[in-house]
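Heads up: the structure comes next, in structure tokens.
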Amino acid sequence: MTLRFAFALALAACPIEAQAQDGGLTFTNAARADYPGEVALGTGPGEPVEDWYRINGSLQVRNTSAATLTPFLPSPKANTGAAVIIAPGGGFLGLAIEEEGYRVAKWLADHGVAAFVLKYRLLTTPADPAIFRRELVSLRSGGKASFRPQDDTPATTLADGQAALRHVRANAAKYGVEPARIGMMGFSAGAFLTLSVTYANDPTARPAFIAPIYGHQRAGPVPQGAPPMFALIASDDVLFERGDFGLVDSWRKVGAPVEFHLLQNGGHGFGLGSAGTSSNDWIFLFERWLAVNRFIPAPR
């Protein structure tokens, strides 16, 4: 199975069992999410022309043309000084910005970690929502569409990930975080982006730690002094169909810290977890890992 087909299956990042129309998907129009403090990163041509909508109740956005970063900050008393930039997935065609962005950021902020949801630039899809929705349904079922997910991170998306790290680091005092404890977490395509930022090995945009969640598992050009990595994927994820441990092995071969969780089940696109599967509550494993690596104090 190709990565493109895997992305097509999981593009909406919504539960397979959800009741839906149009080939397993129910589309509804949605207003733009409005959280305070959203920052334009200045990497695109201007104000994005975006389409916000819901798939099976989950908020999505597509056709972003300018990257933004939305902060979710912990209370001063709970603040650990650590920060995570969160990159949602969606095959570089859209962003599952609620399930793999805002919800994760709120959880982290509630547990003392500053979180920043990255709305990065995407590949262009049809401006007409009706055409896009019809073609997305076709794509998920292996049919034709005027767009296709990419197998790896587009250059514009990589630039957005790097700009996000530079912004948080440059404004660390403002956000109440320590520059040496700013990491990056990505889901699906966002995990691809997280790894691409790491492989780029740019000292001005180097995460202190990374957490690729249900991304590809192939080996890459691990940089010298690679950051500690927390990787997690379900065994029934289409991106793990070939049982590739290359990503984890590449970290181990250079002696870089790595923790890997192969969950029994959960599929792809489960966000914070899918009830009734071993993916549920995985975020607590990540919190413990942060503490073990001294990015945060030990959870109480």
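Chain identifiers are assigned as A, B, and so on, following the order in which chains appear in the structure tokens; residues are numbered from 1 within each chain, and ligands are numbered from 1 in order of appearance.
The shell of residues at most 6 Å from region 80-92 of chain A, with only C-alpha atoms counted and near chain neighbours (fewer than 4 positions) removed, consists of Phe7, Leu11, Ala96, Ile97, Glu100, Gly101, Gly112, Val113, Ala114, Ala115, Phe116, Val117, Leu118, Leu122, Leu123, Pro149, Val177, Glu178, Arg181, Ile182, Gly183, Met184, Met185, Gly186, Phe187, Ser188, Ala189, Gly190 and Ile296 of chain A.
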- Message: Would you pick out the contacts of Thr64 (chain A) at 8 Å or less, using only C-alpha atoms, so that residues sharing its chain but fewer than 3 positions from it are not included, and give the list as a list in words?
- Response: Pro48, Val49, Glu50, Val61, Ala67, Lys119, Tyr120, Arg121 and Leu122 of chain A
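Minimum atom-to-atom distance to Arg294 (chain A), evaluated using only C-alpha atoms, belongs to A:Phe209 out of A:Ala66, A:Gly269, A:Lys174, A:Phe209.
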Write out as a tab-separated table the residues of region 56-153 of chain A that have any atom within 8 Å of an atom of region 23-33 of chain A, one row each with the nearest atom pair and its distance in Å to one decimal, counting only C-alpha atoms, sorted by chain and then rising number.
```
residue	atom	partner	partner_atom	distance
A:Asn56	CA	A:Thr26	CA	5.0
A:Gly57	CA	A:Thr28	CA	7.7
A:Leu59	CA	A:Ala30	CA	7.4
A:Arg133	CA	A:Phe27	CA	7.7
A:Val137	CA	A:Gly23	CA	5.9
A:Ser141	CA	A:Gly23	CA	7.8
```
Write the residues you've just listed into a file as a compact mmCIF listing (two decimals), in the first residue's frame, and include N, CA and C atoms for each of them.
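This is the output file out_12.txt:
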```
# COMPACT_ATOMS: atom_id res chain seq x y z
N ASN A 56 -17.90 14.40 9.70
CA ASN A 56 -18.38 13.57 10.81
C ASN A 56 -18.24 14.28 12.15
N GLY A 57 -18.49 15.60 12.13
CA GLY A 57 -18.47 16.41 13.34
C GLY A 57 -17.13 16.99 13.71
N LEU A 59 -13.86 19.28 13.16
CA LEU A 59 -13.51 20.51 12.45
C LEU A 59 -12.26 20.32 11.60
N ARG A 133 -15.66 18.09 -1.94
CA ARG A 133 -16.24 17.01 -1.15
C ARG A 133 -16.51 15.77 -2.01
N VAL A 137 -14.45 12.11 -1.47
CA VAL A 137 -15.12 10.81 -1.34
C VAL A 137 -14.57 9.84 -2.38
N SER A 141 -12.11 6.25 -1.82
CA SER A 141 -12.52 4.94 -2.33
C SER A 141 -11.65 4.47 -3.48
```
- Spatial neighbours of region 245-248 of chain A, 6 Å, only C-alpha atoms, chain gap at least 6 places, as an MDAnalysis selection string: chainID A and resid 217:219
Written file, previous selection with N, CA, C and O atoms, as an mmCIF file, in the first residue's frame:
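New file selection_5.cif:
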```cif
data_model
loop_
_atom_site.group_PDB
_atom_site.id
_atom_site.type_symbol
_atom_site.label_atom_id
_atom_site.label_comp_id
_atom_site.auth_asym_id
_atom_site.auth_seq_id
_atom_site.Cartn_x
_atom_site.Cartn_y
_atom_site.Cartn_z
ATOM 1 N N GLN A 217 7.233 5.182 9.084
ATOM 2 C CA GLN A 217 8.206 4.514 9.955
ATOM 3 C C GLN A 217 9.525 4.227 9.249
ATOM 4 O O GLN A 217 10.327 3.458 9.741
ATOM 5 N N ARG A 218 9.755 4.857 8.106
ATOM 6 C CA ARG A 218 10.980 4.579 7.365
ATOM 7 C C ARG A 218 12.162 5.371 7.926
ATOM 8 O O ARG A 218 11.995 6.438 8.519
ATOM 9 N N ALA A 219 13.352 4.842 7.718
ATOM 10 C CA ALA A 219 14.568 5.499 8.189
ATOM 11 C C ALA A 219 14.814 6.783 7.408
ATOM 12 O O ALA A 219 14.395 6.925 6.257
#
```
- Task: Identify, with DSSP run on backbone atoms, the residues in region 55-157 of chain A assigned to strand (DSSP E or B), and express the list as a PyMOL selection string.
- Result: chain A and resi 55+58-62+68-72+83-87+94-95+114-119
Expected file contents, prior selection, N, CA and C atoms, as a PDB file, in the first residue's frame:
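out.pdb was written with the following content:
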```pdb
ATOM      1  N   ILE A  55     -16.152  17.207   9.113  1.00  0.00           N
ATOM      2  CA  ILE A  55     -16.346  15.864   8.578  1.00  0.00           C
ATOM      3  C   ILE A  55     -16.692  14.966   9.753  1.00  0.00           C
ATOM      4  N   SER A  58     -16.057  16.576  13.046  1.00  0.00           N
ATOM      5  CA  SER A  58     -14.711  17.036  13.397  1.00  0.00           C
ATOM      6  C   SER A  58     -14.298  18.222  12.521  1.00  0.00           C
ATOM      7  N   LEU A  59     -13.860  19.282  13.159  1.00  0.00           N
ATOM      8  CA  LEU A  59     -13.511  20.506  12.451  1.00  0.00           C
ATOM      9  C   LEU A  59     -12.261  20.325  11.597  1.00  0.00           C
ATOM     10  N   GLN A  60     -12.351  20.795  10.348  1.00  0.00           N
ATOM     11  CA  GLN A  60     -11.264  20.697   9.380  1.00  0.00           C
ATOM     12  C   GLN A  60     -11.070  22.067   8.708  1.00  0.00           C
ATOM     13  N   VAL A  61      -9.903  22.244   8.104  1.00  0.00           N
ATOM     14  CA  VAL A  61      -9.648  23.433   7.298  1.00  0.00           C
ATOM     15  C   VAL A  61      -8.767  23.021   6.124  1.00  0.00           C
ATOM     16  N   ARG A  62      -8.975  23.672   4.981  1.00  0.00           N
ATOM     17  CA  ARG A  62      -8.173  23.394   3.789  1.00  0.00           C
ATOM     18  C   ARG A  62      -7.892  24.703   3.056  1.00  0.00           C
ATOM     19  N   THR A  68      -0.180  30.011  10.330  1.00  0.00           N
ATOM     20  CA  THR A  68      -0.411  30.689  11.602  1.00  0.00           C
ATOM     21  C   THR A  68      -0.086  29.735  12.742  1.00  0.00           C
ATOM     22  N   LEU A  69       0.059  30.304  13.919  1.00  0.00           N
ATOM     23  CA  LEU A  69       0.361  29.550  15.124  1.00  0.00           C
ATOM     24  C   LEU A  69      -0.576  30.037  16.219  1.00  0.00           C
ATOM     25  N   THR A  70      -1.326  29.116  16.833  1.00  0.00           N
ATOM     26  CA  THR A  70      -2.272  29.480  17.885  1.00  0.00           C
ATOM     27  C   THR A  70      -1.794  28.926  19.219  1.00  0.00           C
ATOM     28  N   PRO A  71      -1.514  29.816  20.186  1.00  0.00           N
ATOM     29  CA  PRO A  71      -0.991  29.348  21.472  1.00  0.00           C
ATOM     30  C   PRO A  71      -2.091  28.918  22.440  1.00  0.00           C
ATOM     31  N   PHE A  72      -1.800  27.874  23.186  1.00  0.00           N
ATOM     32  CA  PHE A  72      -2.623  27.435  24.313  1.00  0.00           C
ATOM     33  C   PHE A  72      -1.667  27.357  25.496  1.00  0.00           C
ATOM     34  N   ALA A  83       7.393  23.429  26.032  1.00  0.00           N
ATOM     35  CA  ALA A  83       6.459  23.813  24.977  1.00  0.00           C
ATOM     36  C   ALA A  83       6.467  22.772  23.871  1.00  0.00           C
ATOM     37  N   VAL A  84       5.327  22.620  23.207  1.00  0.00           N
ATOM     38  CA  VAL A  84       5.202  21.688  22.083  1.00  0.00           C
ATOM     39  C   VAL A  84       4.482  22.399  20.942  1.00  0.00           C
ATOM     40  N   ILE A  85       5.092  22.389  19.766  1.00  0.00           N
ATOM     41  CA  ILE A  85       4.414  22.840  18.552  1.00  0.00           C
ATOM     42  C   ILE A  85       3.706  21.637  17.955  1.00  0.00           C
ATOM     43  N   ILE A  86       2.410  21.769  17.696  1.00  0.00           N
ATOM     44  CA  ILE A  86       1.591  20.648  17.248  1.00  0.00           C
ATOM     45  C   ILE A  86       1.220  20.837  15.780  1.00  0.00           C
ATOM     46  N   ALA A  87       1.547  19.833  14.970  1.00  0.00           N
ATOM     47  CA  ALA A  87       1.230  19.857  13.539  1.00  0.00           C
ATOM     48  C   ALA A  87       0.158  18.808  13.244  1.00  0.00           C
ATOM     49  N   GLY A  94      -5.546  18.986   3.768  1.00  0.00           N
ATOM     50  CA  GLY A  94      -6.397  19.630   4.764  1.00  0.00           C
ATOM     51  C   GLY A  94      -5.788  19.392   6.128  1.00  0.00           C
ATOM     52  N   LEU A  95      -6.400  19.943   7.142  1.00  0.00           N
ATOM     53  CA  LEU A  95      -5.904  19.757   8.499  1.00  0.00           C
ATOM     54  C   LEU A  95      -7.040  19.298   9.408  1.00  0.00           C
ATOM     55  N   ALA A 114       3.050  24.411  27.506  1.00  0.00           N
ATOM     56  CA  ALA A 114       2.562  25.367  26.510  1.00  0.00           C
ATOM     57  C   ALA A 114       2.472  24.652  25.161  1.00  0.00           C
ATOM     58  N   ALA A 115       1.368  24.874  24.455  1.00  0.00           N
ATOM     59  CA  ALA A 115       1.166  24.199  23.176  1.00  0.00           C
ATOM     60  C   ALA A 115       0.798  25.218  22.111  1.00  0.00           C
ATOM     61  N   PHE A 116       1.259  24.968  20.897  1.00  0.00           N
ATOM     62  CA  PHE A 116       1.052  25.891  19.792  1.00  0.00           C
ATOM     63  C   PHE A 116       0.587  25.100  18.568  1.00  0.00           C
ATOM     64  N   VAL A 117      -0.635  25.350  18.131  1.00  0.00           N
ATOM     65  CA  VAL A 117      -1.186  24.621  16.991  1.00  0.00           C
ATOM     66  C   VAL A 117      -0.755  25.307  15.702  1.00  0.00           C
ATOM     67  N   LEU A 118      -0.061  24.566  14.869  1.00  0.00           N
ATOM     68  CA  LEU A 118       0.459  25.091  13.607  1.00  0.00           C
ATOM     69  C   LEU A 118      -0.540  24.823  12.481  1.00  0.00           C
ATOM     70  N   LYS A 119      -1.045  25.888  11.898  1.00  0.00           N
ATOM     71  CA  LYS A 119      -1.882  25.784  10.702  1.00  0.00           C
ATOM     72  C   LYS A 119      -0.977  26.087   9.521  1.00  0.00           C
TER      73      LYS A 119
END
```
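With only C-alpha atoms as the atoms that count, the minimum distance from Pro212 (chain A) to the choices A:Leu73, A:Ala231, A:Ala291, A:Ala226 is reached by A:Ala231.
The smallest atom-to-atom distance between Gln264 (chain A) and any of A:Thr157, A:Thr277, A:Asn293, A:Thr194, using only C-alpha atoms, is found for A:Thr277.
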